[in-house]
$ cat start_12.pdb   # PDB, C-alpha atoms
MODEL        1
ATOM      1  CA  MET A   1       0.000   0.000   0.000
ATOM      2  CA  ILE A   2       1.297   3.443  -0.889
ATOM      3  CA  GLY A   3       1.230   5.830   2.054
ATOM      4  CA  ARG A   4      -0.296   9.237   1.718
ATOM      5  CA  VAL A   5       0.651  12.425   3.464
ATOM      6  CA  ILE A   6      -1.921  13.873   5.851
ATOM      7  CA  ASP A   7      -2.645  17.501   5.054
ATOM      8  CA  PRO A   8      -1.515  19.991   7.753
ATOM      9  CA  VAL A   9      -5.025  21.014   8.873
ATOM     10  CA  THR A  10      -6.103  17.403   9.352
ATOM     11  CA  LYS A  11      -2.843  16.590  11.140
ATOM     12  CA  ARG A  12      -3.244  19.540  13.539
ATOM     13  CA  SER A  13      -6.885  18.649  14.144
ATOM     14  CA  LEU A  14      -6.171  14.982  14.842
ATOM     15  CA  GLY A  15      -3.315  16.099  17.086
ATOM     16  CA  GLN A  16      -5.843  17.762  19.389
ATOM     17  CA  MET A  17      -7.188  14.373  20.474
ATOM     18  CA  ILE A  18      -6.003  13.641  23.967
ATOM     19  CA  LYS A  19      -5.981  10.134  25.355
ATOM     20  CA  GLY A  20      -4.728   8.100  28.275
ATOM     21  CA  VAL A  21      -1.240   6.628  28.008
ATOM     22  CA  GLN A  22      -0.603   2.905  28.320
ATOM     23  CA  VAL A  23       2.337   0.587  27.902
ATOM     24  CA  VAL A  24       1.461  -2.466  25.824
ATOM     25  CA  ALA A  25       3.743  -5.451  26.351
ATOM     26  CA  ALA A  26       4.031  -9.035  25.151
ATOM     27  CA  LYS A  27       6.235 -11.999  25.952
ATOM     28  CA  HIS A  28       7.094 -15.108  23.951
ATOM     29  CA  ASP A  29       9.873 -17.671  24.371
ATOM     30  CA  GLY A  30      11.373 -15.666  27.238
ATOM     31  CA  VAL A  31      11.598 -12.405  25.255
ATOM     32  CA  SER A  32       9.575  -9.392  26.443
ATOM     33  CA  ARG A  33       9.031  -6.162  24.551
ATOM     34  CA  ALA A  34       6.840  -3.141  25.249
ATOM     35  CA  TYR A  35       5.807   0.141  23.674
ATOM     36  CA  THR A  36       3.987   3.290  24.769
ATOM     37  CA  SER A  37       0.552   3.743  23.297
ATOM     38  CA  HIS A  38      -2.368   6.096  23.522
ATOM     39  CA  TRP A  39      -4.284   3.985  21.024
ATOM     40  CA  VAL A  40      -5.799   1.381  23.346
ATOM     41  CA  SER A  41      -9.559   1.631  23.803
ATOM     42  CA  GLN A  42     -12.389  -0.171  25.514
ATOM     43  CA  VAL A  43     -14.766  -1.238  22.726
ATOM     44  CA  SER A  44     -17.631  -2.957  24.547
ATOM     45  CA  PHE A  45     -19.853  -2.192  27.544
ATOM     46  CA  GLU A  46     -21.172  -5.702  28.103
ATOM     47  CA  GLU A  47     -17.914  -7.605  27.618
ATOM     48  CA  PRO A  48     -14.421  -6.608  28.788
ATOM     49  CA  VAL A  49     -12.968  -6.104  25.290
ATOM     50  CA  VAL A  50     -10.184  -3.726  24.281
ATOM     51  CA  MET A  51      -8.665  -2.753  20.950
ATOM     52  CA  ALA A  52      -4.987  -1.934  20.522
ATOM     53  CA  SER A  53      -3.633  -0.286  17.386
ATOM     54  CA  VAL A  54      -0.145  -1.704  16.732
ATOM     55  CA  SER A  55       2.464  -1.051  14.057
ATOM     56  CA  PRO A  56       3.811  -4.239  12.432
ATOM     57  CA  LYS A  57       7.223  -2.510  12.516
ATOM     58  CA  HIS A  58       7.319  -2.580  16.309
ATOM     59  CA  ASP A  59       9.278  -5.337  18.027
ATOM     60  CA  THR A  60       6.284  -6.110  20.282
ATOM     61  CA  TYR A  61       4.099  -7.000  17.282
ATOM     62  CA  PRO A  62       5.518 -10.476  16.476
ATOM     63  CA  LEU A  63       5.461 -11.390  20.172
ATOM     64  CA  MET A  64       1.775 -10.463  20.365
ATOM     65  CA  ILE A  65       1.007 -12.654  17.377
ATOM     66  CA  ALA A  66       3.130 -15.586  18.584
ATOM     67  CA  SER A  67       1.793 -15.535  22.159
ATOM     68  CA  GLY A  68      -1.791 -14.488  21.434
ATOM     69  CA  THR A  69      -1.710 -12.256  24.501
ATOM     70  CA  PHE A  70      -0.555  -8.858  25.649
ATOM     71  CA  THR A  71      -0.683  -6.693  28.744
ATOM     72  CA  VAL A  72      -1.753  -3.085  29.132
ATOM     73  CA  SER A  73      -0.258  -0.993  31.950
ATOM     74  CA  MET A  74      -2.193   2.252  32.427
ATOM     75  CA  LEU A  75       0.292   4.947  33.378
ATOM     76  CA  ALA A  76      -0.188   7.448  36.176
ATOM     77  CA  ALA A  77       0.649  11.129  35.722
ATOM     78  CA  ASP A  78       3.974  10.694  37.558
ATOM     79  CA  GLN A  79       5.137   8.010  35.084
ATOM     80  CA  ILE A  80       6.304  10.267  32.258
ATOM     81  CA  SER A  81       9.763   8.653  32.359
ATOM     82  CA  GLU A  82       8.249   5.227  31.739
ATOM     83  CA  GLY A  83       6.049   6.631  28.981
ATOM     84  CA  GLN A  84       9.012   8.291  27.285
ATOM     85  CA  TYR A  85      11.242   5.243  27.639
ATOM     86  CA  PHE A  86       8.775   2.892  25.950
ATOM     87  CA  SER A  87       7.845   5.430  23.276
ATOM     88  CA  TYR A  88      11.011   4.506  21.390
ATOM     89  CA  PRO A  89      11.962   1.060  20.156
ATOM     90  CA  GLY A  90      13.804  -0.640  22.998
ATOM     91  CA  HIS A  91      17.070  -0.767  21.117
ATOM     92  CA  LYS A  92      17.188   3.051  20.992
ATOM     93  CA  PHE A  93      17.746   3.107  24.770
ATOM     94  CA  LYS A  94      19.656  -0.200  24.721
ATOM     95  CA  TYR A  95      17.160  -1.674  27.234
ATOM     96  CA  VAL A  96      18.907   0.201  30.057
ATOM     97  CA  ALA A  97      15.838   0.966  32.214
ATOM     98  CA  THR A  98      15.028  -2.563  33.332
ATOM     99  CA  GLU A  99      13.319  -1.179  36.454
ATOM    100  CA  TYR A 100      10.495   0.127  34.236
ATOM    101  CA  ILE A 101       9.203  -3.367  33.487
ATOM    102  CA  GLU A 102       8.775  -6.498  35.547
ATOM    103  CA  ASN A 103       6.863  -9.760  35.339
ATOM    104  CA  ASP A 104       3.645 -10.192  37.295
ATOM    105  CA  GLU A 105       2.921 -13.431  39.206
ATOM    106  CA  ASP A 106       1.856 -15.054  35.899
ATOM    107  CA  GLY A 107       5.115 -14.060  34.183
ATOM    108  CA  MET A 108       3.457 -11.335  32.073
ATOM    109  CA  PRO A 109       5.389  -8.067  31.527
ATOM    110  CA  ILE A 110       3.918  -5.009  33.283
ATOM    111  CA  VAL A 111       5.050  -1.518  34.299
ATOM    112  CA  PRO A 112       5.237  -1.422  38.114
ATOM    113  CA  ASN A 113       3.287   1.214  40.060
ATOM    114  CA  SER A 114       0.818   1.805  37.231
ATOM    115  CA  ILE A 115      -2.826   2.737  37.792
ATOM    116  CA  ALA A 116      -3.956  -0.747  36.734
ATOM    117  CA  TRP A 117      -2.834  -3.700  34.607
ATOM    118  CA  LEU A 118      -4.808  -5.754  32.124
ATOM    119  CA  THR A 119      -3.936  -9.117  30.651
ATOM    120  CA  CYS A 120      -5.589  -9.517  27.269
ATOM    121  CA  GLU A 121      -6.210 -12.523  25.026
ATOM    122  CA  ILE A 122      -6.295 -11.665  21.322
ATOM    123  CA  THR A 123      -9.509 -12.717  19.581
ATOM    124  CA  ASP A 124      -9.240 -10.901  16.258
ATOM    125  CA  ARG A 125      -6.843  -8.811  14.195
ATOM    126  CA  LEU A 126      -7.636  -6.426  11.358
ATOM    127  CA  GLU A 127      -4.740  -5.590   9.056
ATOM    128  CA  ARG A 128      -5.233  -2.020   7.874
ATOM    129  CA  TYR A 129      -3.115   0.920   6.806
ATOM    130  CA  ASP A 130       0.122   1.278   8.786
ATOM    131  CA  HIS A 131      -1.268  -0.250  12.014
ATOM    132  CA  ASP A 132      -3.145  -3.465  12.735
ATOM    133  CA  LEU A 133      -6.068  -3.475  15.150
ATOM    134  CA  PHE A 134      -5.910  -6.201  17.796
ATOM    135  CA  PHE A 135      -9.194  -6.973  19.560
ATOM    136  CA  ALA A 136      -8.774  -8.804  22.842
ATOM    137  CA  ASN A 137     -10.737 -10.074  25.816
ATOM    138  CA  VAL A 138      -9.523  -8.792  29.167
ATOM    139  CA  THR A 139      -8.793 -11.985  31.101
ATOM    140  CA  LYS A 140      -7.217 -10.431  34.201
ATOM    141  CA  THR A 141      -7.304  -7.022  35.849
ATOM    142  CA  VAL A 142      -5.074  -5.876  38.700
ATOM    143  CA  GLU A 143      -5.692  -2.622  40.529
ATOM    144  CA  GLY A 144      -2.656  -0.481  41.088
ATOM    145  CA  ARG A 145      -2.904   3.141  42.062
ATOM    146  CA  LEU A 146      -6.499   3.725  40.867
ATOM    147  CA  GLY A 147      -6.779   6.993  42.826
ATOM    148  CA  GLU A 148      -3.931   8.630  40.906
ATOM    149  CA  PRO A 149      -4.594  10.914  37.931
ATOM    150  CA  PRO A 150      -3.733   9.267  34.615
ATOM    151  CA  LEU A 151      -1.025  10.390  32.237
ATOM    152  CA  LEU A 152      -2.468  11.805  29.008
ATOM    153  CA  TYR A 153      -0.960  12.469  25.596
ATOM    154  CA  SER A 154      -1.801  14.639  22.619
ATOM    155  CA  ALA A 155       0.354  14.681  19.488
ATOM    156  CA  ARG A 156      -0.117  18.454  19.378
ATOM    157  CA  HIS A 157       0.279  19.252  23.085
ATOM    158  CA  GLY A 158       2.480  16.424  24.368
ATOM    159  CA  TRP A 159       2.325  14.862  27.853
ATOM    160  CA  ARG A 160      -0.489  16.066  30.104
ATOM    161  CA  VAL A 161      -2.034  15.307  33.474
ATOM    162  CA  THR A 162      -5.768  15.109  33.968
ATOM    163  CA  GLY A 163      -7.025  18.407  35.281
ATOM    164  CA  ASP A 164      -9.955  19.670  37.251
ATOM    165  CA  ASN A 165     -13.463  18.334  36.873
ATOM    166  CA  ALA A 166     -15.233  19.606  33.776
ATOM    167  CA  ARG A 167     -18.502  20.105  35.636
ATOM    168  CA  GLU A 168     -19.304  21.946  38.808
ATOM    169  CA  LYS A 169     -19.337  19.792  41.943
ATOM    170  CA  GLY A 170     -22.877  18.769  42.864
ATOM    171  CA  VAL A 171     -24.330  19.774  39.494
ATOM    172  CA  SER A 172     -25.722  16.966  37.332
ATOM    173  CA  ILE A 173     -25.903  17.880  33.655
ATOM    174  CA  ARG A 174     -27.804  14.630  33.099
ATOM    175  CA  ASP A 175     -30.456  15.639  35.669
ATOM    176  CA  GLN A 176     -30.751  19.084  34.055
ATOM    177  CA  LEU A 177     -31.317  17.509  30.634
ATOM    178  CA  LEU A 178     -33.879  15.049  32.037
ATOM    179  CA  ALA A 179     -35.735  17.973  33.646
ATOM    180  CA  ARG A 180     -35.886  19.662  30.234
ATOM    181  CA  VAL A 181     -37.308  16.455  28.739
ATOM    182  CA  ASP A 182     -39.963  16.366  31.489
ATOM    183  CA  GLU A 183     -40.811  20.041  30.789
ATOM    184  CA  ALA A 184     -41.096  19.364  27.053
ATOM    185  CA  ASP A 185     -43.344  16.355  27.711
ATOM    186  CA  ALA A 186     -45.579  18.467  30.004
ATOM    187  CA  GLU A 187     -46.228  21.042  27.264
TER     188      GLU A 187
ENDMDL
END
$ encode --input "start_12.pdb" --output "structure tokens"
Amino acid sequence: MIGRVIDPVTKRSLGQMIKGVQVVAAKHDGVSRAYTSHWVSQVSFEEPVVMASVSPKHDTYPLMIASGTFTVSMLAADQISEGQYFSYPGHKFKYVATEYIENDEDGMPIVPNSIAWLTCEITDRLERYDHDLFFANVTKTVEGRLGEPPLLYSARHGWRVTGDNAREKGVSIRDQLLARVDEADAE
């Protein structure tokens, strides 16, 4: 497939999207690799299913395919170093920061002190464009520091920390909208 260049307006607009930062990792035949992502999403309400967008060029990709599993470590706002470290192929940093990854009790690679960890079993893969989409059932969840604010990322604005609440404390926008529906129905 021939790649196309995204026009500057579209690139700047897409760069405004801000998402949580995760480290996706896989292990096969004793080799572990991981990469920083902000392209992991929950895709179902009724089933614990996630989707991870993964470049076939990344060294984690063949391990995900061979093992059929991967982990997702959701980074806290104070884990920018871990996020930066795994945002480059491991060989760039010569795998020097071994403290940023460890095996859980099942031998799966995770980032310690994260908000939470997921172990995921791949159920489907769509090969598209420059990234493949891996759909996976969450088979294990471990709570870490759930009370901590998550680390966020935007291609346009870089690393961010979640901020203040978007709505006023004690004010329910949902209740206000339902009251308007009741008023409209009464008319």
$ resolve_selection --input "start_12.pdb" --expression "the PyMOL selection byres ((chain A and resi 77) around 6)" --output "VMD selection string"
chain A and resid 76 78 to 79 149 to 151 161
$ write_last_selection --input "start_12.pdb" --atoms "C-alpha atoms" --output "mmCIF file, keeping the file's coordinate frame"
data_model
loop_
_atom_site.group_PDB
_atom_site.id
_atom_site.type_symbol
_atom_site.label_atom_id
_atom_site.label_comp_id
_atom_site.auth_asym_id
_atom_site.auth_seq_id
_atom_site.Cartn_x
_atom_site.Cartn_y
_atom_site.Cartn_z
ATOM 1 C CA ALA A 76 -0.188 7.448 36.176
ATOM 2 C CA ASP A 78 3.974 10.694 37.558
ATOM 3 C CA GLN A 79 5.137 8.010 35.084
ATOM 4 C CA PRO A 149 -4.594 10.914 37.931
ATOM 5 C CA PRO A 150 -3.733 9.267 34.615
ATOM 6 C CA LEU A 151 -1.025 10.390 32.237
ATOM 7 C CA VAL A 161 -2.034 15.307 33.474
#
$ resolve_selection --input "start_12.pdb" --expression "the PyMOL selection byres ((chain A and resi 59-67) around 10)" --output "ChimeraX atom specification"
/A:24-29,31-35,54-58,68-71,89-91,121-122,125,132,134
$ resolve_selection --input "start_12.pdb" --expression "the PyMOL selection byres ((chain A and resi 50) around 12)" --output "PyMOL selection string"
chain A and resi 24+39-49+51-53+70-72+118-125+133-139
$ residues_around --input "start_12.pdb" --residues "Lys11 (chain A)" --least-positions-apart "4" --cutoff "12 Å" --atoms "all atoms listed in the file" --output "VMD selection string"
chain A and resid 5 to 7 15 to 17 154 to 156
$ axis_aligned_box --input "start_12.pdb" --around "region 17-35 of chain A" --padding-each-side "4 Å" --output "lines of an AutoDock Vina configuration file"
center_x = 2.2
center_y = -1.6
center_z = 24.4
size_x = 26.8
size_y = 40.0
size_z = 15.8
$ atom_distance --input "start_12.pdb" --atom1 "CA of Ile18 (chain A)" --atom2 "CA of Tyr153 (chain A)"
5.4 Å
$ atom_distance --input "start_12.pdb" --atom1 "CA of His131 (chain A)" --atom2 "CA of Ile80 (chain A)"
24.0 Å
$ atom_distance --input "start_12.pdb" --atom1 "CA of Lys140 (chain A)" --atom2 "CA of Trp117 (chain A)"
8.0 Å
$ closest_residue --input "start_12.pdb" --among "A:Asp130, A:His157, A:Thr162, A:Ser172" --to "Ser13 (chain A)" --atoms "all atoms listed in the file"
A:His157
$ closest_residue --input "start_12.pdb" --among "A:Leu177, A:Val96, A:Met108, A:Ile115" --to "Glu143 (chain A)" --atoms "all atoms listed in the file"
A:Ile115
$ build_atoms --input "start_12.pdb" --residues "region 127-144 of chain A" --atoms "N, CA and C atoms" --output "PDB file, in the coordinates of the input"
ATOM      1  N   GLU A 127      -5.937  -6.164   9.667  1.00  0.00           N
ATOM      2  CA  GLU A 127      -4.740  -5.590   9.056  1.00  0.00           C
ATOM      3  C   GLU A 127      -5.180  -4.425   8.182  1.00  0.00           C
ATOM      4  N   ARG A 128      -4.838  -3.223   8.599  1.00  0.00           N
ATOM      5  CA  ARG A 128      -5.233  -2.020   7.874  1.00  0.00           C
ATOM      6  C   ARG A 128      -4.115  -0.982   7.920  1.00  0.00           C
ATOM      7  N   TYR A 129      -3.980  -0.254   6.858  1.00  0.00           N
ATOM      8  CA  TYR A 129      -3.115   0.920   6.806  1.00  0.00           C
ATOM      9  C   TYR A 129      -1.729   0.621   7.362  1.00  0.00           C
ATOM     10  N   ASP A 130      -1.218   1.501   8.250  1.00  0.00           N
ATOM     11  CA  ASP A 130       0.122   1.278   8.786  1.00  0.00           C
ATOM     12  C   ASP A 130       0.099   0.661  10.187  1.00  0.00           C
ATOM     13  N   HIS A 131      -1.109   0.400  10.714  1.00  0.00           N
ATOM     14  CA  HIS A 131      -1.268  -0.250  12.014  1.00  0.00           C
ATOM     15  C   HIS A 131      -2.325  -1.348  11.893  1.00  0.00           C
ATOM     16  N   ASP A 132      -2.132  -2.423  12.637  1.00  0.00           N
ATOM     17  CA  ASP A 132      -3.145  -3.465  12.735  1.00  0.00           C
ATOM     18  C   ASP A 132      -3.938  -3.229  14.015  1.00  0.00           C
ATOM     19  N   LEU A 133      -5.211  -3.609  13.983  1.00  0.00           N
ATOM     20  CA  LEU A 133      -6.068  -3.475  15.150  1.00  0.00           C
ATOM     21  C   LEU A 133      -6.227  -4.846  15.793  1.00  0.00           C
ATOM     22  N   PHE A 134      -5.796  -4.968  17.036  1.00  0.00           N
ATOM     23  CA  PHE A 134      -5.910  -6.201  17.796  1.00  0.00           C
ATOM     24  C   PHE A 134      -7.082  -6.064  18.761  1.00  0.00           C
ATOM     25  N   PHE A 135      -8.077  -6.937  18.631  1.00  0.00           N
ATOM     26  CA  PHE A 135      -9.194  -6.973  19.560  1.00  0.00           C
ATOM     27  C   PHE A 135      -8.903  -8.092  20.551  1.00  0.00           C
ATOM     28  N   ALA A 136      -9.158  -7.829  21.828  1.00  0.00           N
ATOM     29  CA  ALA A 136      -8.774  -8.804  22.842  1.00  0.00           C
ATOM     30  C   ALA A 136      -9.730  -8.775  24.028  1.00  0.00           C
ATOM     31  N   ASN A 137      -9.973  -9.955  24.578  1.00  0.00           N
ATOM     32  CA  ASN A 137     -10.737 -10.074  25.816  1.00  0.00           C
ATOM     33  C   ASN A 137      -9.807  -9.809  26.988  1.00  0.00           C
ATOM     34  N   VAL A 138     -10.280  -9.018  27.936  1.00  0.00           N
ATOM     35  CA  VAL A 138      -9.523  -8.792  29.167  1.00  0.00           C
ATOM     36  C   VAL A 138      -9.754 -10.007  30.052  1.00  0.00           C
ATOM     37  N   THR A 139      -8.676 -10.752  30.319  1.00  0.00           N
ATOM     38  CA  THR A 139      -8.793 -11.985  31.101  1.00  0.00           C
ATOM     39  C   THR A 139      -8.356 -11.807  32.549  1.00  0.00           C
ATOM     40  N   LYS A 140      -7.659 -10.698  32.829  1.00  0.00           N
ATOM     41  CA  LYS A 140      -7.217 -10.431  34.201  1.00  0.00           C
ATOM     42  C   LYS A 140      -7.043  -8.923  34.364  1.00  0.00           C
ATOM     43  N   THR A 141      -7.476  -8.431  35.518  1.00  0.00           N
ATOM     44  CA  THR A 141      -7.304  -7.022  35.849  1.00  0.00           C
ATOM     45  C   THR A 141      -6.704  -6.931  37.247  1.00  0.00           C
ATOM     46  N   VAL A 142      -5.681  -6.106  37.391  1.00  0.00           N
ATOM     47  CA  VAL A 142      -5.074  -5.876  38.700  1.00  0.00           C
ATOM     48  C   VAL A 142      -5.106  -4.385  38.975  1.00  0.00           C
ATOM     49  N   GLU A 143      -5.673  -4.026  40.125  1.00  0.00           N
ATOM     50  CA  GLU A 143      -5.692  -2.622  40.529  1.00  0.00           C
ATOM     51  C   GLU A 143      -4.312  -2.228  41.019  1.00  0.00           C
ATOM     52  N   GLY A 144      -3.887  -1.056  40.589  1.00  0.00           N
ATOM     53  CA  GLY A 144      -2.656  -0.481  41.088  1.00  0.00           C
ATOM     54  C   GLY A 144      -3.001   0.745  41.907  1.00  0.00           C
TER      55      GLY A 144
END
